[in-house]
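What's in input14.cif: mmCIF, C-alpha atoms and all ligand atoms
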```cif
data_structure
loop_
_atom_site.group_PDB
_atom_site.id
_atom_site.type_symbol
_atom_site.label_atom_id
_atom_site.label_comp_id
_atom_site.auth_asym_id
_atom_site.auth_seq_id
_atom_site.Cartn_x
_atom_site.Cartn_y
_atom_site.Cartn_z
ATOM 1 C CA PRO A 1 23.678 -30.868 25.066
ATOM 2 C CA LEU A 2 25.078 -34.243 26.127
ATOM 3 C CA PRO A 3 28.505 -34.185 27.805
ATOM 4 C CA ASP A 4 31.148 -35.264 25.314
ATOM 5 C CA ARG A 5 31.625 -38.732 26.849
ATOM 6 C CA ASP A 6 27.941 -39.617 26.200
ATOM 7 C CA ARG A 7 27.972 -38.118 22.723
ATOM 8 C CA ALA A 8 31.125 -40.023 21.833
ATOM 9 C CA LEU A 9 29.483 -43.299 22.945
ATOM 10 C CA ASP A 10 26.485 -42.923 20.652
ATOM 11 C CA PRO A 11 27.635 -42.580 16.995
ATOM 12 C CA SER A 12 24.224 -41.290 15.821
ATOM 13 C CA HIS A 13 24.936 -38.113 17.798
ATOM 14 C CA GLN A 14 28.155 -37.532 15.889
ATOM 15 C CA GLN A 15 26.498 -35.467 13.167
ATOM 16 C CA ASP A 16 24.353 -33.322 15.527
ATOM 17 C CA GLN A 17 25.984 -30.188 16.922
ATOM 18 C CA SER A 18 24.084 -30.816 20.094
ATOM 19 C CA VAL A 19 21.496 -33.146 21.541
ATOM 20 C CA TYR A 20 19.181 -31.717 24.191
ATOM 21 C CA GLU A 21 17.970 -34.054 26.933
ATOM 22 C CA GLU A 22 14.211 -33.915 27.401
ATOM 23 C CA ARG A 23 14.540 -34.149 31.203
ATOM 24 C CA HIS A 24 16.202 -30.694 31.273
ATOM 25 C CA LEU A 25 13.600 -29.088 28.986
ATOM 26 C CA ARG A 26 11.212 -26.730 30.841
ATOM 27 C CA TYR A 27 8.058 -25.870 28.864
ATOM 28 C CA ILE A 28 7.148 -22.130 29.133
ATOM 29 C CA SER A 29 4.540 -21.155 26.503
ATOM 30 C CA PRO A 30 3.262 -21.735 22.938
ATOM 31 C CA LEU A 31 4.925 -19.659 20.191
ATOM 32 C CA GLY A 32 3.020 -20.619 17.060
ATOM 33 C CA LYS A 33 2.096 -23.200 14.475
ATOM 34 C CA GLY A 34 4.169 -23.921 11.384
ATOM 35 C CA ASN A 35 3.899 -26.436 8.601
ATOM 36 C CA PHE A 36 3.210 -29.834 10.224
ATOM 37 C CA GLY A 37 4.133 -28.752 13.704
ATOM 38 C CA SER A 38 3.811 -26.461 16.683
ATOM 39 C CA VAL A 39 6.581 -24.368 18.229
ATOM 40 C CA GLU A 40 6.993 -23.848 21.976
ATOM 41 C CA LEU A 41 9.156 -21.598 24.128
ATOM 42 C CA CYS A 42 11.252 -23.717 26.503
ATOM 43 C CA ARG A 43 14.165 -23.168 28.843
ATOM 44 C CA TYR A 44 16.965 -25.758 28.640
ATOM 45 C CA ASP A 45 17.946 -25.830 32.281
ATOM 46 C CA PRO A 46 20.363 -28.728 33.088
ATOM 47 C CA LEU A 47 21.462 -26.986 36.315
ATOM 48 C CA GLY A 48 17.835 -26.690 37.415
ATOM 49 C CA ASP A 49 18.343 -23.110 38.651
ATOM 50 C CA ASN A 50 16.502 -21.224 35.861
ATOM 51 C CA THR A 51 19.782 -19.932 34.448
ATOM 52 C CA GLY A 52 19.481 -22.082 31.291
ATOM 53 C CA GLU A 53 18.978 -20.618 27.801
ATOM 54 C CA LEU A 54 15.597 -19.906 26.193
ATOM 55 C CA ILE A 55 15.061 -22.000 23.042
ATOM 56 C CA ALA A 56 12.304 -22.535 20.474
ATOM 57 C CA VAL A 57 11.300 -26.192 20.198
ATOM 58 C CA LYS A 58 9.306 -27.450 17.208
ATOM 59 C CA LYS A 59 7.380 -30.663 17.819
ATOM 60 C CA LEU A 60 5.853 -32.813 15.102
ATOM 61 C CA GLN A 61 2.036 -32.521 15.150
ATOM 62 C CA PRO A 62 1.125 -36.244 15.317
ATOM 63 C CA ASN A 63 -2.393 -35.918 13.849
ATOM 64 C CA LYS A 64 -1.362 -33.773 10.844
ATOM 65 C CA GLN A 65 -0.840 -35.564 7.517
ATOM 66 C CA SER A 66 2.892 -34.946 7.935
ATOM 67 C CA ASN A 67 5.219 -37.730 8.908
ATOM 68 C CA LEU A 68 8.558 -38.199 10.601
ATOM 69 C CA GLU A 69 10.282 -38.377 7.194
ATOM 70 C CA ASP A 70 9.156 -34.827 6.237
ATOM 71 C CA PHE A 71 10.166 -33.587 9.681
ATOM 72 C CA GLN A 72 13.585 -35.218 9.349
ATOM 73 C CA LYS A 73 13.995 -33.468 5.971
ATOM 74 C CA GLU A 74 13.075 -30.122 7.573
ATOM 75 C CA ILE A 75 15.669 -30.731 10.301
ATOM 76 C CA ASN A 76 18.335 -31.655 7.745
ATOM 77 C CA THR A 77 17.465 -28.513 5.757
ATOM 78 C CA ILE A 78 17.691 -26.031 8.646
ATOM 79 C CA ARG A 79 20.812 -27.770 10.011
ATOM 80 C CA SER A 80 22.593 -27.121 6.689
ATOM 81 C CA LEU A 81 21.805 -23.361 6.694
ATOM 82 C CA HIS A 82 24.325 -20.888 8.133
ATOM 83 C CA CYS A 83 23.194 -17.322 7.472
ATOM 84 C CA ASP A 84 22.544 -14.228 9.652
ATOM 85 C CA TYR A 85 19.136 -13.846 7.979
ATOM 86 C CA ILE A 86 17.913 -17.409 8.562
ATOM 87 C CA VAL A 87 16.758 -18.730 11.947
ATOM 88 C CA LYS A 88 19.523 -20.863 13.507
ATOM 89 C CA TYR A 89 19.395 -24.601 14.173
ATOM 90 C CA ARG A 90 20.555 -25.506 17.701
ATOM 91 C CA GLY A 91 20.016 -29.275 17.849
ATOM 92 C CA VAL A 92 17.465 -32.014 18.395
ATOM 93 C CA CYS A 93 15.730 -33.465 21.444
ATOM 94 C CA TYR A 94 14.782 -37.139 21.502
ATOM 95 C CA SER A 95 11.918 -38.245 23.705
ATOM 96 C CA MET A 96 9.948 -41.419 24.440
ATOM 97 C CA GLY A 97 13.105 -43.466 24.009
ATOM 98 C CA ARG A 98 13.921 -41.904 20.615
ATOM 99 C CA LEU A 99 10.494 -42.713 19.242
ATOM 100 C CA SER A 100 9.767 -39.019 18.629
ATOM 101 C CA MET A 101 12.086 -36.049 18.167
ATOM 102 C CA SER A 102 11.871 -32.269 18.369
ATOM 103 C CA LEU A 103 13.788 -29.580 16.497
ATOM 104 C CA VAL A 104 15.599 -27.059 18.736
ATOM 105 C CA MET A 105 16.205 -23.575 17.310
ATOM 106 C CA GLU A 106 17.362 -20.179 18.564
ATOM 107 C CA TYR A 107 14.506 -18.236 20.192
ATOM 108 C CA LEU A 108 13.695 -14.936 18.472
ATOM 109 C CA PRO A 109 12.045 -12.748 21.141
ATOM 110 C CA HIS A 110 9.843 -10.514 18.967
ATOM 111 C CA GLY A 111 7.844 -13.181 17.142
ATOM 112 C CA SER A 112 6.626 -12.963 13.547
ATOM 113 C CA LEU A 113 6.852 -9.850 11.374
ATOM 114 C CA ILE A 114 3.020 -9.619 11.321
ATOM 115 C CA GLY A 115 2.618 -9.300 15.084
ATOM 116 C CA TYR A 116 5.708 -7.073 15.366
ATOM 117 C CA LEU A 117 4.562 -4.546 12.730
ATOM 118 C CA GLU A 118 1.022 -4.405 14.152
ATOM 119 C CA LYS A 119 2.445 -3.731 17.627
ATOM 120 C CA ASN A 120 5.370 -1.436 16.717
ATOM 121 C CA ARG A 121 3.941 0.397 13.707
ATOM 122 C CA GLN A 122 4.579 3.878 15.088
ATOM 123 C CA HIS A 123 8.336 3.486 15.344
ATOM 124 C CA VAL A 124 9.061 1.361 12.270
ATOM 125 C CA ASN A 125 9.985 4.061 9.761
ATOM 126 C CA ASN A 126 10.692 3.492 6.077
ATOM 127 C CA ARG A 127 14.455 3.151 6.586
ATOM 128 C CA ARG A 128 13.681 0.235 8.919
ATOM 129 C CA MET A 129 11.269 -1.247 6.319
ATOM 130 C CA LEU A 130 13.997 -1.136 3.678
ATOM 131 C CA LEU A 131 16.464 -2.705 6.128
ATOM 132 C CA PHE A 132 14.045 -5.593 6.818
ATOM 133 C CA ALA A 133 13.340 -5.994 3.071
ATOM 134 C CA SER A 134 17.076 -6.156 2.283
ATOM 135 C CA GLN A 135 17.670 -8.726 5.060
ATOM 136 C CA ILE A 136 14.888 -11.012 3.778
ATOM 137 C CA CYS A 137 16.351 -10.582 0.288
ATOM 138 C CA LYS A 138 19.828 -11.594 1.521
ATOM 139 C CA GLY A 139 18.374 -14.623 3.320
ATOM 140 C CA LEU A 140 16.622 -15.638 0.087
ATOM 141 C CA GLU A 141 19.829 -15.070 -1.920
ATOM 142 C CA TYR A 142 21.684 -17.429 0.464
ATOM 143 C CA LEU A 143 18.919 -20.070 0.152
ATOM 144 C CA GLN A 144 19.145 -19.835 -3.654
ATOM 145 C CA SER A 145 22.951 -20.202 -3.506
ATOM 146 C CA MET A 146 22.268 -23.555 -1.764
ATOM 147 C CA ARG A 147 19.709 -24.537 -4.468
ATOM 148 C CA TYR A 148 16.865 -24.439 -1.941
ATOM 149 C CA VAL A 149 13.332 -23.259 -2.798
ATOM 150 C CA HIS A 150 11.524 -22.119 0.375
ATOM 151 C CA ARG A 151 7.975 -22.409 -1.105
ATOM 152 C CA ASP A 152 6.331 -20.697 1.873
ATOM 153 C CA LEU A 153 7.840 -17.206 1.965
ATOM 154 C CA ALA A 154 5.280 -14.997 3.752
ATOM 155 C CA ALA A 155 5.383 -12.348 6.512
ATOM 156 C CA ARG A 156 4.047 -14.987 8.963
ATOM 157 C CA ASN A 157 7.268 -16.950 8.358
ATOM 158 C CA ILE A 158 9.609 -14.003 8.908
ATOM 159 C CA LEU A 159 10.716 -13.725 12.547
ATOM 160 C CA VAL A 160 12.021 -10.605 14.312
ATOM 161 C CA ALA A 161 15.272 -11.095 16.261
ATOM 162 C CA SER A 162 15.613 -7.407 17.252
ATOM 163 C CA ASP A 163 14.454 -3.934 16.156
ATOM 164 C CA THR A 164 17.119 -4.128 13.429
ATOM 165 C CA LEU A 165 17.182 -7.825 12.445
ATOM 166 C CA VAL A 166 14.672 -10.191 10.831
ATOM 167 C CA LYS A 167 15.177 -13.833 9.761
ATOM 168 C CA ILE A 168 13.485 -16.342 7.450
ATOM 169 C CA ALA A 169 11.971 -19.313 9.309
ATOM 170 C CA ASP A 170 9.852 -22.471 8.811
ATOM 171 C CA PHE A 171 11.507 -24.785 6.282
ATOM 172 C CA GLY A 172 8.695 -27.370 6.356
ATOM 173 C CA LEU A 173 7.950 -26.956 2.616
ATOM 174 C CA THR A 174 11.513 -26.258 1.464
ATOM 175 C CA LYS A 175 12.845 -28.397 -1.411
ATOM 176 C CA ILE A 176 16.208 -28.730 -3.147
ATOM 177 C CA ILE A 177 16.135 -28.110 -6.913
ATOM 178 C CA PRO A 178 17.688 -31.117 -8.710
ATOM 179 C CA PHE A 179 21.068 -30.172 -10.247
ATOM 180 C CA ASP A 180 19.833 -30.860 -13.811
ATOM 181 C CA LYS A 181 16.605 -28.790 -13.553
ATOM 182 C CA GLU A 182 15.538 -25.190 -12.979
ATOM 183 C CA TYR A 183 12.458 -26.023 -10.938
ATOM 184 C CA TYR A 184 10.900 -28.492 -8.494
ATOM 185 C CA ARG A 185 7.477 -30.001 -9.258
ATOM 186 C CA VAL A 186 5.505 -31.146 -6.203
ATOM 187 C CA THR A 187 3.118 -34.087 -6.392
ATOM 188 C CA HIS A 188 0.935 -33.391 -3.335
ATOM 189 C CA PRO A 189 0.211 -29.619 -3.112
ATOM 190 C CA GLY A 190 -1.248 -30.160 0.373
ATOM 191 C CA GLU A 191 -2.609 -27.055 2.138
ATOM 192 C CA SER A 192 -1.188 -24.515 -0.272
ATOM 193 C CA PRO A 193 -0.780 -20.818 0.625
ATOM 194 C CA ILE A 194 -1.911 -19.992 -2.956
ATOM 195 C CA PHE A 195 -2.144 -16.218 -2.340
ATOM 196 C CA TRP A 196 1.655 -16.160 -2.048
ATOM 197 C CA TYR A 197 2.137 -18.525 -5.028
ATOM 198 C CA ALA A 198 3.406 -17.562 -8.495
ATOM 199 C CA PRO A 199 0.964 -18.458 -11.336
ATOM 200 C CA GLU A 200 3.039 -21.485 -12.501
ATOM 201 C CA SER A 201 3.060 -22.836 -8.942
ATOM 202 C CA ILE A 202 -0.758 -22.759 -8.881
ATOM 203 C CA THR A 203 -1.330 -24.155 -12.387
ATOM 204 C CA GLU A 204 1.596 -26.627 -12.689
ATOM 205 C CA SER A 205 2.853 -27.098 -9.100
ATOM 206 C CA LYS A 206 6.220 -25.810 -10.365
ATOM 207 C CA PHE A 207 8.478 -24.126 -7.793
ATOM 208 C CA SER A 208 11.754 -22.382 -8.559
ATOM 209 C CA HIS A 209 13.935 -19.487 -7.417
ATOM 210 C CA LYS A 210 11.626 -17.331 -9.566
ATOM 211 C CA SER A 211 8.506 -18.479 -7.711
ATOM 212 C CA ASP A 212 10.244 -17.656 -4.406
ATOM 213 C CA VAL A 213 10.950 -14.171 -5.829
ATOM 214 C CA TRP A 214 7.213 -13.820 -6.585
ATOM 215 C CA SER A 215 6.428 -14.730 -2.941
ATOM 216 C CA PHE A 216 9.084 -12.208 -1.826
ATOM 217 C CA GLY A 217 7.111 -9.595 -3.789
ATOM 218 C CA VAL A 218 3.980 -10.507 -1.836
ATOM 219 C CA VAL A 219 6.025 -10.250 1.412
ATOM 220 C CA LEU A 220 7.093 -6.712 0.350
ATOM 221 C CA HIS A 221 3.403 -5.850 -0.105
ATOM 222 C CA GLU A 222 2.703 -7.146 3.408
ATOM 223 C CA LEU A 223 5.723 -5.297 4.813
ATOM 224 C CA PHE A 224 4.853 -1.925 3.213
ATOM 225 C CA SER A 225 1.239 -2.375 4.339
ATOM 226 C CA TYR A 226 2.525 -2.845 7.918
ATOM 227 C CA CYS A 227 0.861 -6.303 7.713
ATOM 228 C CA GLU A 228 -2.469 -4.498 8.187
ATOM 229 C CA HIS A 229 -5.182 -7.119 8.621
ATOM 230 C CA ASN A 230 -7.681 -5.429 6.260
ATOM 231 C CA CYS A 231 -5.198 -5.322 3.377
ATOM 232 C CA ASN A 232 -3.554 -8.733 3.654
ATOM 233 C CA PRO A 233 -3.017 -10.533 0.323
ATOM 234 C CA LYS A 234 -5.723 -13.184 0.864
ATOM 235 C CA ARG A 235 -8.345 -10.536 1.695
ATOM 236 C CA LEU A 236 -7.410 -8.321 -1.281
ATOM 237 C CA TYR A 237 -7.430 -11.253 -3.747
ATOM 238 C CA MET A 238 -10.749 -12.597 -2.417
ATOM 239 C CA GLN A 239 -12.315 -9.126 -2.767
ATOM 240 C CA GLU A 240 -11.202 -9.093 -6.426
ATOM 241 C CA ILE A 241 -12.363 -12.632 -7.342
ATOM 242 C CA GLY A 242 -15.514 -12.559 -5.183
ATOM 243 C CA ASN A 243 -15.735 -13.630 -1.545
ATOM 244 C CA ASP A 244 -18.330 -16.283 -2.330
ATOM 245 C CA MET A 245 -15.781 -18.365 -4.296
ATOM 246 C CA GLN A 246 -15.050 -21.808 -2.873
ATOM 247 C CA GLY A 247 -12.265 -24.427 -3.109
ATOM 248 C CA LEU A 248 -10.739 -25.164 -6.512
ATOM 249 C CA SER A 249 -12.489 -22.271 -8.281
ATOM 250 C CA ILE A 250 -10.553 -19.844 -6.057
ATOM 251 C CA SER A 251 -7.193 -20.896 -7.564
ATOM 252 C CA MET A 252 -8.670 -20.872 -11.099
ATOM 253 C CA HIS A 253 -10.032 -17.324 -10.695
ATOM 254 C CA LEU A 254 -6.806 -16.228 -9.009
ATOM 255 C CA VAL A 255 -4.724 -17.435 -11.976
ATOM 256 C CA ASP A 256 -7.177 -15.744 -14.382
ATOM 257 C CA ILE A 257 -6.867 -12.284 -12.817
ATOM 258 C CA LEU A 258 -3.057 -12.659 -12.533
ATOM 259 C CA LYS A 259 -2.867 -13.605 -16.228
ATOM 260 C CA ASP A 260 -5.015 -10.513 -16.958
ATOM 261 C CA ASN A 261 -2.195 -8.582 -15.231
ATOM 262 C CA TRP A 262 -4.237 -7.649 -12.167
ATOM 263 C CA ARG A 263 -1.853 -7.183 -9.227
ATOM 264 C CA LEU A 264 -2.202 -6.427 -5.512
ATOM 265 C CA PRO A 265 -2.952 -2.670 -5.189
ATOM 266 C CA ALA A 266 0.055 -0.610 -4.106
ATOM 267 C CA PRO A 267 -0.087 0.172 -0.381
ATOM 268 C CA PRO A 268 -1.404 3.689 0.435
ATOM 269 C CA LEU A 269 0.835 6.426 -0.960
ATOM 270 C CA PHE A 270 1.520 8.026 2.458
ATOM 271 C CA ILE A 271 3.251 4.730 3.394
ATOM 272 C CA ILE A 272 5.324 4.061 0.285
ATOM 273 C CA LEU A 273 6.193 7.602 -0.924
ATOM 274 C CA PRO A 274 8.713 8.213 1.922
ATOM 275 C CA VAL A 275 10.175 4.746 1.191
ATOM 276 C CA PHE A 276 10.954 5.732 -2.396
ATOM 277 C CA VAL A 277 12.351 9.094 -1.246
ATOM 278 C CA THR A 278 14.621 7.303 1.250
ATOM 279 C CA PHE A 279 15.561 4.661 -1.304
ATOM 280 C CA HIS A 280 16.271 7.319 -3.961
ATOM 281 C CA TYR A 281 18.338 9.344 -1.472
ATOM 282 C CA GLN A 282 20.368 6.257 -0.524
ATOM 283 C CA ILE A 283 20.996 5.427 -4.202
ATOM 284 C CA GLU A 284 22.005 9.064 -4.902
ATOM 285 C CA THR A 285 24.403 9.236 -1.957
ATOM 286 C CA SER A 286 26.015 5.889 -2.812
ATOM 287 C CA ILE A 287 26.525 7.074 -6.446
ATOM 288 C CA GLN A 288 27.960 10.375 -5.107
ATOM 289 C CA ASP A 289 30.322 8.453 -2.786
ATOM 290 C CA GLU A 290 31.469 6.289 -5.702
ATOM 291 C CA ARG A 291 32.156 9.395 -7.838
ATOM 292 C CA GLU A 292 34.162 11.020 -5.017
ATOM 293 C CA GLY A 293 35.860 7.674 -4.341
ATOM 294 C CA SER A 294 36.926 7.342 -7.986
ATOM 295 C CA LYS A 295 38.262 10.971 -7.967
ATOM 296 C CA GLY A 296 40.027 10.386 -4.633
HETATM 297 C C1 LIG B 301 7.774 -19.246 11.611
HETATM 298 C C2 LIG B 301 6.493 -19.362 11.815
HETATM 299 C C3 LIG B 301 5.765 -20.573 12.035
HETATM 300 C C4 LIG B 301 6.227 -21.449 13.194
HETATM 301 N N1 LIG B 301 6.706 -20.655 14.299
HETATM 302 C C5 LIG B 301 7.988 -20.438 14.618
HETATM 303 C C6 LIG B 301 7.987 -19.653 15.735
HETATM 304 C C7 LIG B 301 9.149 -19.118 16.447
HETATM 305 N N2 LIG B 301 8.904 -18.072 17.267
HETATM 306 C C8 LIG B 301 9.934 -17.511 17.932
HETATM 307 N N3 LIG B 301 9.668 -16.442 18.759
HETATM 308 C C9 LIG B 301 8.464 -15.887 19.151
HETATM 309 C C10 LIG B 301 8.533 -14.884 20.104
HETATM 310 C C11 LIG B 301 7.383 -14.278 20.592
HETATM 311 C C12 LIG B 301 6.129 -14.663 20.110
HETATM 312 C C13 LIG B 301 4.910 -14.006 20.729
HETATM 313 C C14 LIG B 301 3.881 -15.038 21.176
HETATM 314 C C15 LIG B 301 2.715 -14.334 21.841
HETATM 315 N N4 LIG B 301 2.164 -13.280 21.014
HETATM 316 C C16 LIG B 301 3.132 -12.305 20.574
HETATM 317 C C17 LIG B 301 4.310 -12.953 19.849
HETATM 318 C C18 LIG B 301 6.053 -15.652 19.127
HETATM 319 C C19 LIG B 301 7.222 -16.267 18.639
HETATM 320 N N5 LIG B 301 11.218 -17.909 17.817
HETATM 321 C C20 LIG B 301 11.481 -18.963 16.994
HETATM 322 N N6 LIG B 301 12.668 -19.557 16.683
HETATM 323 C C21 LIG B 301 12.429 -20.563 15.799
HETATM 324 C C22 LIG B 301 11.075 -20.644 15.509
HETATM 325 C C23 LIG B 301 10.475 -19.608 16.276
HETATM 326 C C24 LIG B 301 6.653 -19.371 16.034
HETATM 327 N N7 LIG B 301 5.889 -20.013 15.151
#
```

Could you render the structure as structure tokens?
Amino acid sequence: PLPDRDRALDPSHQQDQSVYEERHLRYISPLGKGNFGSVELCRYDPLGDNTGELIAVKKLQPNKQSNLEDFQKEINTIRSLHCDYIVKYRGVCYSMGRLSMSLVMEYLPHGSLIGYLEKNRQHVNNRRMLLFASQICKGLEYLQSMRYVHRDLAARNILVASDTLVKIADFGLTKIIPFDKEYYRVTHPGESPIFWYAPESITESKFSHKSDVWSFGVVLHELFSYCEHNCNPKRLYMQEIGNDMQGLSISMHLVDILKDNWRLPAPPLFIILPVFVTFHYQIETSIQDEREGSKG
């Protein structure tokens, strides 16, 4: 971040918590690709002695159909979010004489939920699954309290901060619902993750808190399937509608089976039964505590 004297001089920096100078940014490795951009692991090392902090830097992918305006909106969105279950904004980094800019965020060391569950399956028990599910739910509740619709809720966009903390990330498709409406209608669906979309989002491009809740349901399916590759939502839907389907007919057939009340098959019983037992036990004990509390 710029020393205060520099920041004070340049009014445009006033609104940014911190501006990172490109000359102190040390590239380390690629972290992943999001909507319209790629994310890299960097160390911000102004002292040049490798003691600087690790940060995640999202750069705009120049060739993608995105533009600086969408990226600026994504930055404004994440900068306005302050929640333990949403990845934190740290600042921006201008480069090429302020021609291009990058978004600086906190670095979450364990990567996306998909990679984490595949790698750590043996020691993620059902209590931990329920903890992760409740944290994603709280992050979504906070987003809804700010009238945001994420529109791309999926396990690939949930990041793991520690063995007991996950956060919602990637706000490239996030929109604010107008104050006088219950939903947001997009004009250009772009590359849509339709297998996480609610039916009305596929047929009418309508997005609302309810469509985010639908996507949260698909995330729960991924979570309780340990993000197993051979039972990911896209694979299961394509098996049902026929793998030879192409392009537009995929979304039409997908909406048809959803309207016929076909749903993703429940994950194998040996995975979800203990979850319900744990969940039931937790509900029972909290009711018991309340009873004792009210007597006490
Ligand atoms: C949200 C999804 C789309 C865009 N996106 C965001 C990120 C991202 N990643 C991380 N940490 C991270 C840590 C380890 C690994 C490794 C890599 C090598 N293989 C194993 C897993 C990968 C990522 N921290 C972050 N903070 C803010 C964004 C962000 C990545 N992609």

> What does the PyMOL selection byres (((not hetatm)) within 9 of (chain B and resi 301)) select in this file, as a ChimeraX atom specification?
Replying inline: /A:29-35,37-41,55-58,87-89,104-112,115-116,155-161,168-171

>> Assuming the chain letters and numbering stay as they are in my file, what does the PyMOL selection byres (((chain A and resi 139) around 8) and not hetatm) actually select? List them as a ChimeraX atom specification.
In response: /A:83-86,135-138,140-143,167-168

Could you build a table of the residues in range 157-232 of chain A lying no more than 9 Å from range 239-261 of chain A, giving for each the nearest pair of atoms and their separation in Å rounded to one decimal place, using only C-alpha atoms, ordered by chain and ascending residue number, as a tab-separated table?
```
residue	atom	partner	partner_atom	distance
A:Ile194	CA	A:Ser251	CA	7.1
A:Phe195	CA	A:Leu254	CA	8.1
A:Ala198	CA	A:Val255	CA	8.8
A:Pro199	CA	A:Val255	CA	5.8
A:Glu200	CA	A:Val255	CA	8.8
A:Ile202	CA	A:Ser251	CA	6.8
A:Thr203	CA	A:Val255	CA	7.5
```

If you take every atom of range 216-220 of chain A that the file lists and fit an axis-aligned box around them with 8 Å extra on each side, what centre and edge lengths come out in Å to one decimal, as AutoDock Vina command-line options?
```
--center_x 6.5 --center_y -9.5 --center_z -1.2 --size_x 21.1 --size_y 21.5 --size_z 21.2
```

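Residue nearest Thr278 in chain A within the list A:Thr77, A:Leu130, A:Glu228, A:Arg43: A:Leu130 [criterion: smallest interatomic distance, only C-alpha atoms].
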
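Applied to this file, the PyMOL selection byres (((chain A and resi 215) around 10) and not hetatm) selects His150, Arg151, Asp152, Leu153, Ala154, Ala155, Ile194, Phe195, Trp196, Tyr197, Ala198, His209, Lys210, Ser211, Asp212, Val213, Trp214, Phe216, Gly217, Val218, Val219, Leu220 and His221 of chain A.
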
> Between CA of Tyr237 in chain A and CA of Leu264 in chain A, what is the spacing in Å?
Replying inline: 7.3 Å

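Relative to CA of Trp262 in chain A, CA of Glu182 in chain A is found at 26.4 Å.
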
>> One decimal, in Å: what's the spacing between CA of Asn126 in chain A and CA of Glu292 in chain A?
In response: 27.0 Å

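For the residues A:Glu284, A:Asp49, A:Glu74, A:Glu222, ranking by smallest atom-to-atom distance to Ala266 in chain A using only C-alpha atoms places A:Glu222 first.
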